[in-house]
file start_30.csv (CSV, C-alpha atoms)
chain,number,residue,atom,x,y,z
A,1,MET,CA,10.9,-17.2,-2.0
A,2,LEU,CA,11.4,-13.5,-2.1
A,3,LYS,CA,14.5,-12.6,-4.0
A,4,ARG,CA,17.5,-13.1,-1.8
A,5,HIS,CA,19.9,-10.5,-3.1
A,6,ARG,CA,17.3,-7.7,-2.7
A,7,MET,CA,15.1,-8.8,0.2
A,8,THR,CA,17.8,-10.3,2.4
A,9,THR,CA,20.3,-7.6,1.9
A,10,ALA,CA,17.9,-5.2,3.6
A,11,ILE,CA,16.7,-7.7,6.3
A,12,THR,CA,19.9,-9.5,7.2
A,13,GLY,CA,20.0,-7.8,10.5
A,14,LEU,CA,16.4,-8.8,11.1
A,15,LEU,CA,16.6,-12.5,10.1
A,16,GLY,CA,20.2,-13.2,11.0
A,17,GLY,CA,22.5,-14.9,8.5
A,18,ALA,CA,20.5,-18.2,8.1
A,19,LEU,CA,18.7,-17.1,5.0
A,20,LEU,CA,21.8,-16.0,3.1
A,21,VAL,CA,24.0,-18.9,4.2
A,22,SER,CA,21.7,-21.8,4.0
A,23,GLY,CA,19.5,-20.7,1.1
A,24,CYS,CA,16.4,-21.7,3.0
A,25,GLY,CA,13.0,-20.2,2.1
A,26,THR,CA,11.9,-16.8,3.4
A,27,ALA,CA,9.1,-18.2,5.4
A,28,ALA,CA,11.3,-20.8,7.2
A,29,ALA,CA,13.8,-18.1,8.1
A,30,LEU,CA,11.1,-15.7,9.2
A,31,GLN,CA,9.5,-18.4,11.4
A,32,SER,CA,12.8,-19.1,13.1
A,33,SER,CA,13.7,-15.5,13.6
A,34,PRO,CA,13.0,-13.8,17.0
A,35,ALA,CA,10.0,-11.6,17.1
A,36,PRO,CA,10.9,-7.9,16.9
A,37,GLY,CA,11.5,-6.0,20.1
A,38,HIS,CA,10.3,-2.6,21.0
A,39,ASP,CA,12.0,-1.1,18.0
A,40,ALA,CA,9.5,-2.8,15.6
A,41,ARG,CA,7.0,-0.4,14.2
A,42,ASN,CA,3.3,-1.0,13.8
A,43,VAL,CA,2.7,0.8,10.5
A,44,GLY,CA,-0.5,2.8,10.7
A,45,MET,CA,-2.8,3.3,7.7
A,46,ALA,CA,-2.8,7.0,7.9
A,47,SER,CA,0.5,7.6,9.5
A,48,GLY,CA,2.6,7.6,6.4
A,49,GLY,CA,4.8,5.0,8.2
A,50,GLY,CA,5.8,3.5,4.9
A,51,GLY,CA,7.6,6.7,3.8
A,52,GLY,CA,6.6,9.6,1.6
A,53,ASP,CA,4.4,12.5,2.4
A,54,ILE,CA,0.7,12.0,2.8
A,55,GLY,CA,-1.2,13.3,-0.2
A,56,THR,CA,1.6,14.1,-2.5
A,57,SER,CA,0.3,11.8,-5.3
A,58,ASN,CA,-1.8,13.2,-8.1
A,59,CYS,CA,-4.0,10.1,-7.8
A,60,SER,CA,-6.1,8.6,-5.0
A,61,GLU,CA,-6.4,5.0,-3.6
A,62,ALA,CA,-9.5,4.6,-5.8
A,63,ASP,CA,-7.1,4.7,-8.8
A,64,PHE,CA,-5.3,1.6,-7.7
A,65,LEU,CA,-6.1,-2.1,-7.4
A,66,ALA,CA,-4.0,-4.0,-4.8
A,67,THR,CA,-3.7,-7.7,-5.5
A,68,ALA,CA,-1.7,-10.2,-3.4
A,69,THR,CA,-0.3,-13.4,-5.0
A,70,PRO,CA,1.0,-16.1,-2.8
A,71,VAL,CA,4.6,-17.1,-3.4
A,72,LYS,CA,4.6,-20.8,-4.3
A,73,GLY,CA,6.4,-23.0,-1.8
A,74,ASP,CA,6.8,-20.2,0.7
A,75,PRO,CA,3.8,-20.1,3.1
A,76,GLY,CA,3.0,-16.7,4.4
A,77,SER,CA,4.8,-14.9,1.6
A,78,PHE,CA,3.0,-12.8,-0.9
A,79,ILE,CA,3.8,-10.3,-3.7
A,80,VAL,CA,1.4,-7.4,-3.8
A,81,ALA,CA,0.8,-5.6,-7.1
A,82,TYR,CA,-0.5,-2.0,-6.9
A,83,GLY,CA,-2.0,-1.5,-10.3
A,84,ASN,CA,-3.0,1.8,-11.8
A,85,ARG,CA,-6.6,1.1,-13.0
A,86,SER,CA,-7.3,4.8,-13.8
A,87,ASP,CA,-7.1,6.4,-17.2
A,88,LYS,CA,-4.4,8.8,-16.1
A,89,THR,CA,-0.7,8.7,-15.3
A,90,CYS,CA,-0.1,8.4,-11.5
A,91,THR,CA,3.0,9.5,-9.7
A,92,ILE,CA,3.5,8.0,-6.3
A,93,ASN,CA,6.3,8.1,-3.7
A,94,GLY,CA,8.4,5.1,-3.3
A,95,GLY,CA,8.9,3.5,0.2
A,96,VAL,CA,7.0,0.9,2.0
A,97,PRO,CA,3.3,0.6,1.6
A,98,ASN,CA,1.1,1.0,4.7
A,99,LEU,CA,-0.2,-2.6,5.2
A,100,LYS,CA,-2.1,-4.4,7.9
A,101,GLY,CA,-3.6,-7.8,8.4
A,102,VAL,CA,-7.3,-8.0,8.8
A,103,ASP,CA,-9.4,-10.5,10.8
A,104,MET,CA,-12.5,-12.4,9.8
A,105,SER,CA,-14.7,-9.3,10.1
A,106,ASN,CA,-12.3,-7.5,7.7
A,107,SER,CA,-11.3,-5.2,10.5
A,108,PRO,CA,-7.6,-4.3,10.7
A,109,ILE,CA,-5.6,-6.1,13.5
A,110,GLU,CA,-4.2,-3.0,15.2
A,111,ASP,CA,-1.9,-4.9,17.5
A,112,LEU,CA,-0.3,-7.1,14.8
A,113,PRO,CA,3.2,-5.5,14.4
A,114,VAL,CA,4.3,-4.6,10.9
A,115,GLU,CA,8.0,-4.0,10.1
A,116,ASP,CA,9.2,-1.9,7.1
A,117,VAL,CA,11.9,-3.6,5.1
A,118,ARG,CA,13.6,-1.0,2.9
A,119,LEU,CA,15.2,-2.6,-0.1
A,120,PRO,CA,18.5,-1.2,-1.4
A,121,ASP,CA,18.2,0.9,-4.6
A,122,ALA,CA,14.4,0.9,-4.4
A,123,PRO,CA,13.1,3.9,-6.5
A,124,GLU,CA,12.1,7.0,-4.6
A,125,GLU,CA,9.2,7.7,-6.9
A,126,PHE,CA,7.1,5.8,-9.4
A,127,THR,CA,5.3,7.1,-12.5
A,128,LEU,CA,2.7,4.5,-13.5
A,129,GLN,CA,0.9,4.7,-16.7
A,130,PRO,CA,-2.7,3.2,-16.9
A,131,GLY,CA,-2.3,-0.5,-16.5
A,132,GLN,CA,1.2,-0.4,-14.9
A,133,SER,CA,2.0,-1.6,-11.4
A,134,ALA,CA,4.4,-1.3,-8.6
A,135,TYR,CA,5.2,-4.3,-6.3
A,136,ALA,CA,5.9,-5.0,-2.7
A,137,GLY,CA,6.7,-8.2,-0.8
A,138,ILE,CA,5.0,-9.5,2.4
A,139,GLY,CA,6.6,-12.0,4.8
A,140,MET,CA,5.0,-13.4,7.9
A,141,VAL,CA,6.4,-14.9,11.1
A,142,LEU,CA,4.0,-17.8,11.3
A,143,ALA,CA,2.8,-19.3,14.5
A,144,ASP,CA,0.6,-22.0,15.9
A,145,SER,CA,-3.0,-20.8,16.1
A,146,GLY,CA,-3.0,-21.5,19.8
A,147,ASP,CA,0.0,-19.3,20.5
A,148,PRO,CA,-1.2,-16.4,22.7
A,149,ASN,CA,1.2,-14.0,20.9
A,150,ALA,CA,-0.3,-14.9,17.5
A,151,HIS,CA,-3.1,-13.2,15.5
A,152,VAL,CA,-5.3,-15.0,13.0
A,153,LEU,CA,-5.5,-12.9,9.8
A,154,THR,CA,-7.7,-13.6,6.8
A,155,GLY,CA,-6.4,-10.9,4.5
A,156,PHE,CA,-4.9,-7.5,4.2
A,157,GLN,CA,-5.7,-3.9,3.7
A,158,SER,CA,-3.2,-1.4,2.4
A,159,SER,CA,-2.5,2.1,1.1
A,160,LEU,CA,0.4,3.4,-0.9
A,161,PRO,CA,3.2,5.3,0.9
A,162,ASP,CA,1.9,8.8,0.1
A,163,LEU,CA,-1.8,8.0,0.4
A,164,SER,CA,-3.8,7.5,3.5
A,165,GLU,CA,-7.1,5.7,2.6
A,166,ALA,CA,-6.8,2.0,3.3
A,167,GLN,CA,-8.2,-0.3,0.6
A,168,PRO,CA,-8.8,-4.1,0.8
A,169,VAL,CA,-6.1,-6.2,-0.9
A,170,ASN,CA,-7.5,-8.9,-3.2
A,171,VAL,CA,-5.8,-12.2,-2.4
A,172,LEU,CA,-5.5,-14.6,-5.4
A,173,GLY,CA,-5.4,-18.3,-5.1
A,174,ASP,CA,-7.5,-21.3,-4.1
A,175,GLY,CA,-9.4,-21.3,-0.9
A,176,ASN,CA,-9.6,-18.8,2.0
A,177,VAL,CA,-6.7,-17.0,3.5
A,178,LYS,CA,-6.1,-17.9,7.1
A,179,PHE,CA,-2.7,-17.5,8.8
A,180,ALA,CA,-1.7,-17.3,12.5
A,181,ALA,CA,1.1,-14.8,12.5
A,182,LYS,CA,3.2,-13.0,15.2
A,183,TYR,CA,4.1,-10.1,12.9
A,184,LEU,CA,4.5,-9.1,9.3
A,185,ARG,CA,7.4,-7.7,7.3
A,186,VAL,CA,6.6,-5.5,4.2
A,187,SER,CA,9.2,-4.5,1.6
A,188,SER,CA,9.5,-1.2,-0.1
A,189,LEU,CA,8.0,-0.9,-3.6
A,190,VAL,CA,9.9,-2.1,-6.7
A,191,SER,CA,9.2,-1.7,-10.4
A,192,THR,CA,8.7,-5.4,-11.3
A,193,ALA,CA,7.6,-8.5,-9.5
A,194,ASP,CA,10.7,-10.3,-10.9
A,195,GLU,CA,12.8,-8.2,-8.5
A,196,LEU,CA,11.1,-10.0,-5.6
A,197,LEU,CA,11.3,-13.6,-7.1
A,198,PRO,CA,14.3,-16.0,-7.3

call {"tool": "encode", "arguments": {"input": "start_30.csv", "output": "structure tokens"}}
result
Amino acid sequence: MLKRHRMTTAITGLLGGALLVSGCGTAAALQSSPAPGHDARNVGMASGGGGGDIGTSNCSEADFLATATPVKGDPGSFIVAYGNRSDKTCTINGGVPNLKGVDMSNSPIEDLPVEDVRLPDAPEEFTLQPGQSAYAGIGMVLADSGDPNAHVLTGFQSSLPDLSEAQPVNVLGDGNVKFAAKYLRVSSLVSTADELLP
């Protein structure tokens, strides 16, 4: 499950106290939480909704490889690594990546809501040497595939907070990705994957 003392501190108001008190997994708490109301934002790929000013990085999306790793034992939760695959040092704004679910045709699901979860003490800026990564967490409110309020997603696309060109996210693991979800929550970037793990 995503690290409680960082993730849940920021989303206690969204999930209620169940996750902190009972120690249940992130996915279970997300599934039992109410769907967001009109205040939930649907983060757009080119809106800069994740924070930061568009175009302030000295690098482009082509310099990064986004890879999502499922969190074992926590269905619908992933850790996304944004790796600098260029031969230069890249400076990027901190904040929440712009991320959307995609359908079977790899088209973004525009009406699948995405909430930003800003973690306390998350860096405002990252300097990534070649081969280094920044990380974000994804949590889904899962639903039955027959639920009229659910969307079936088969992957993700994303851009970093200060970049606007959406790139596919490579999802690791066995088999195809297929989730019915009511909405997604995406955490702000952190320096190490360990900050998002128990």

call {"tool": "closest_residue", "arguments": {"input": "start_30.csv", "among": "A:Gly146, A:Ser60, A:Ala181, A:Tyr135", "to": "Tyr82 of chain A", "atoms": "all atoms listed in the file"}}
result
A:Tyr135

call {"tool": "closest_residue", "arguments": {"input": "start_30.csv", "among": "A:Tyr183, A:Asn58, A:Ala122, A:Ala81", "to": "Val171 of chain A", "atoms": "only C-alpha atoms"}}
result
A:Ala81

call {"tool": "residues_around", "arguments": {"input": "start_30.csv", "residues": "Val102 of chain A", "least_positions_apart": "4", "cutoff": "10 Å", "atoms": "only C-alpha atoms", "output": "PyMOL selection string"}}
result
chain A and resi 106-110+112+151-157+168-169

call {"tool": "closest_residue", "arguments": {"input": "start_30.csv", "among": "A:Asp147, A:Glu165, A:Asp174, A:Glu124", "to": "Val190 of chain A", "atoms": "only C-alpha atoms"}}
result
A:Glu124

call {"tool": "closest_residue", "arguments": {"input": "start_30.csv", "among": "A:Gln132, A:Asn98, A:Thr192, A:Thr69", "to": "Val177 of chain A", "atoms": "all atoms listed in the file"}}
result
A:Thr69

call {"tool": "atom_distance", "arguments": {"input": "start_30.csv", "atom1": "atom CA of Gly95 of chain A", "atom2": "atom CA of Leu189 of chain A"}}
result
5.9 Å

call {"tool": "atom_distance", "arguments": {"input": "start_30.csv", "atom1": "atom CA of Leu172 of chain A", "atom2": "atom CA of Phe78 of chain A"}}
result
9.8 Å

call {"tool": "closest_residue", "arguments": {"input": "start_30.csv", "among": "A:Glu195, A:Asp116, A:Asp111, A:Asp121", "to": "Pro161 of chain A", "atoms": "only C-alpha atoms"}}
result
A:Asp116

call {"tool": "atom_distance", "arguments": {"input": "start_30.csv", "atom1": "atom CA of Thr91 of chain A", "atom2": "atom CA of Asp63 of chain A"}}
result
11.2 Å

call {"tool": "residues_around", "arguments": {"input": "start_30.csv", "residues": "Gly94 of chain A", "least_positions_apart": "2", "cutoff": "9 Å", "atoms": "all atoms listed in the file", "output": "number ranges by chain"}}
result
A: 50-52, 92, 96-97, 122-126, 160-162, 188-190

call {"tool": "closest_residue", "arguments": {"input": "start_30.csv", "among": "A:Pro120, A:Gly76, A:Leu163, A:Glu115", "to": "Cys59 of chain A", "atoms": "all atoms listed in the file"}}
result
A:Leu163

call {"tool": "residues_around", "arguments": {"input": "start_30.csv", "residues": "Ser187 of chain A", "least_positions_apart": "5", "cutoff": "6 Å", "atoms": "all atoms listed in the file", "output": "PyMOL selection string"}}
result
chain A and resi 96+117-118+136-137

call {"tool": "build_atoms", "arguments": {"input": "start_30.csv", "residues": "segment 79-90 of chain A", "atoms": "all heavy atoms", "output": "compact mmCIF listing (two decimals), in the frame of the given file"}}
result
# COMPACT_ATOMS: atom_id res chain seq x y z
N ILE A 79 3.38 -11.50 -2.95
CA ILE A 79 3.80 -10.30 -3.70
C ILE A 79 2.52 -9.53 -3.99
O ILE A 79 1.53 -10.06 -4.49
CB ILE A 79 4.49 -10.71 -5.02
CG1 ILE A 79 5.83 -11.38 -4.70
CG2 ILE A 79 4.71 -9.47 -5.89
CD1 ILE A 79 6.58 -11.86 -5.91
N VAL A 80 2.56 -8.25 -3.61
CA VAL A 80 1.40 -7.40 -3.80
C VAL A 80 1.66 -6.46 -4.96
O VAL A 80 2.68 -5.77 -5.02
CB VAL A 80 1.11 -6.55 -2.53
CG1 VAL A 80 -0.13 -5.69 -2.73
CG2 VAL A 80 0.94 -7.45 -1.31
N ALA A 81 0.73 -6.47 -5.94
CA ALA A 81 0.80 -5.60 -7.10
C ALA A 81 -0.18 -4.41 -6.82
O ALA A 81 -1.34 -4.63 -6.47
CB ALA A 81 0.40 -6.28 -8.37
N TYR A 82 0.33 -3.19 -6.97
CA TYR A 82 -0.50 -2.00 -6.90
C TYR A 82 -0.68 -1.47 -8.30
O TYR A 82 0.20 -0.81 -8.83
CB TYR A 82 0.15 -0.93 -5.99
CG TYR A 82 0.26 -1.37 -4.54
CD1 TYR A 82 1.37 -2.07 -4.09
CD2 TYR A 82 -0.76 -1.09 -3.64
CE1 TYR A 82 1.47 -2.48 -2.77
CE2 TYR A 82 -0.68 -1.51 -2.32
CZ TYR A 82 0.44 -2.20 -1.89
OH TYR A 82 0.53 -2.60 -0.58
N GLY A 83 -1.80 -1.85 -8.93
CA GLY A 83 -2.00 -1.50 -10.30
C GLY A 83 -2.79 -0.26 -10.54
O GLY A 83 -3.81 -0.03 -9.88
N ASN A 84 -2.33 0.55 -11.47
CA ASN A 84 -3.00 1.80 -11.80
C ASN A 84 -4.20 1.42 -12.73
O ASN A 84 -4.03 1.09 -13.89
CB ASN A 84 -2.06 2.73 -12.55
CG ASN A 84 -2.74 4.03 -12.97
OD1 ASN A 84 -3.92 4.25 -12.73
ND2 ASN A 84 -1.97 4.89 -13.62
N ARG A 85 -5.40 1.48 -12.19
CA ARG A 85 -6.60 1.10 -13.00
C ARG A 85 -7.31 2.36 -13.48
O ARG A 85 -8.41 2.26 -14.01
CB ARG A 85 -7.53 0.27 -12.12
CG ARG A 85 -8.07 0.94 -10.87
CD ARG A 85 -8.99 -0.01 -10.15
NE ARG A 85 -9.44 0.53 -8.87
CZ ARG A 85 -10.25 -0.12 -8.05
NH1 ARG A 85 -10.68 -1.33 -8.37
NH2 ARG A 85 -10.61 0.41 -6.90
N SER A 86 -6.70 3.52 -13.34
CA SER A 86 -7.30 4.80 -13.80
C SER A 86 -6.94 4.98 -15.29
O SER A 86 -6.22 4.19 -15.89
CB SER A 86 -6.86 5.96 -12.99
OG SER A 86 -5.51 6.29 -13.29
N ASP A 87 -7.44 6.07 -15.86
CA ASP A 87 -7.10 6.40 -17.20
C ASP A 87 -6.06 7.53 -17.28
O ASP A 87 -5.88 8.18 -18.29
CB ASP A 87 -8.34 6.79 -18.03
CG ASP A 87 -9.09 7.97 -17.41
OD1 ASP A 87 -8.65 8.49 -16.36
OD2 ASP A 87 -10.12 8.36 -17.98
N LYS A 88 -5.37 7.77 -16.15
CA LYS A 88 -4.40 8.80 -16.10
C LYS A 88 -3.04 8.29 -15.59
O LYS A 88 -2.97 7.20 -15.02
CB LYS A 88 -4.86 9.96 -15.17
CG LYS A 88 -5.16 9.52 -13.76
CD LYS A 88 -5.87 10.62 -12.97
CE LYS A 88 -6.33 10.09 -11.62
NZ LYS A 88 -7.15 11.05 -10.90
N THR A 89 -1.99 9.05 -15.80
CA THR A 89 -0.70 8.70 -15.30
C THR A 89 -0.59 9.10 -13.84
O THR A 89 -0.92 10.23 -13.49
CB THR A 89 0.42 9.40 -16.11
OG1 THR A 89 0.32 8.98 -17.47
CG2 THR A 89 1.80 9.08 -15.57
N CYS A 90 -0.19 8.17 -12.97
CA CYS A 90 -0.10 8.40 -11.50
C CYS A 90 1.33 8.44 -11.08
O CYS A 90 2.11 7.54 -11.42
CB CYS A 90 -0.86 7.34 -10.75
SG CYS A 90 -2.65 7.36 -10.99
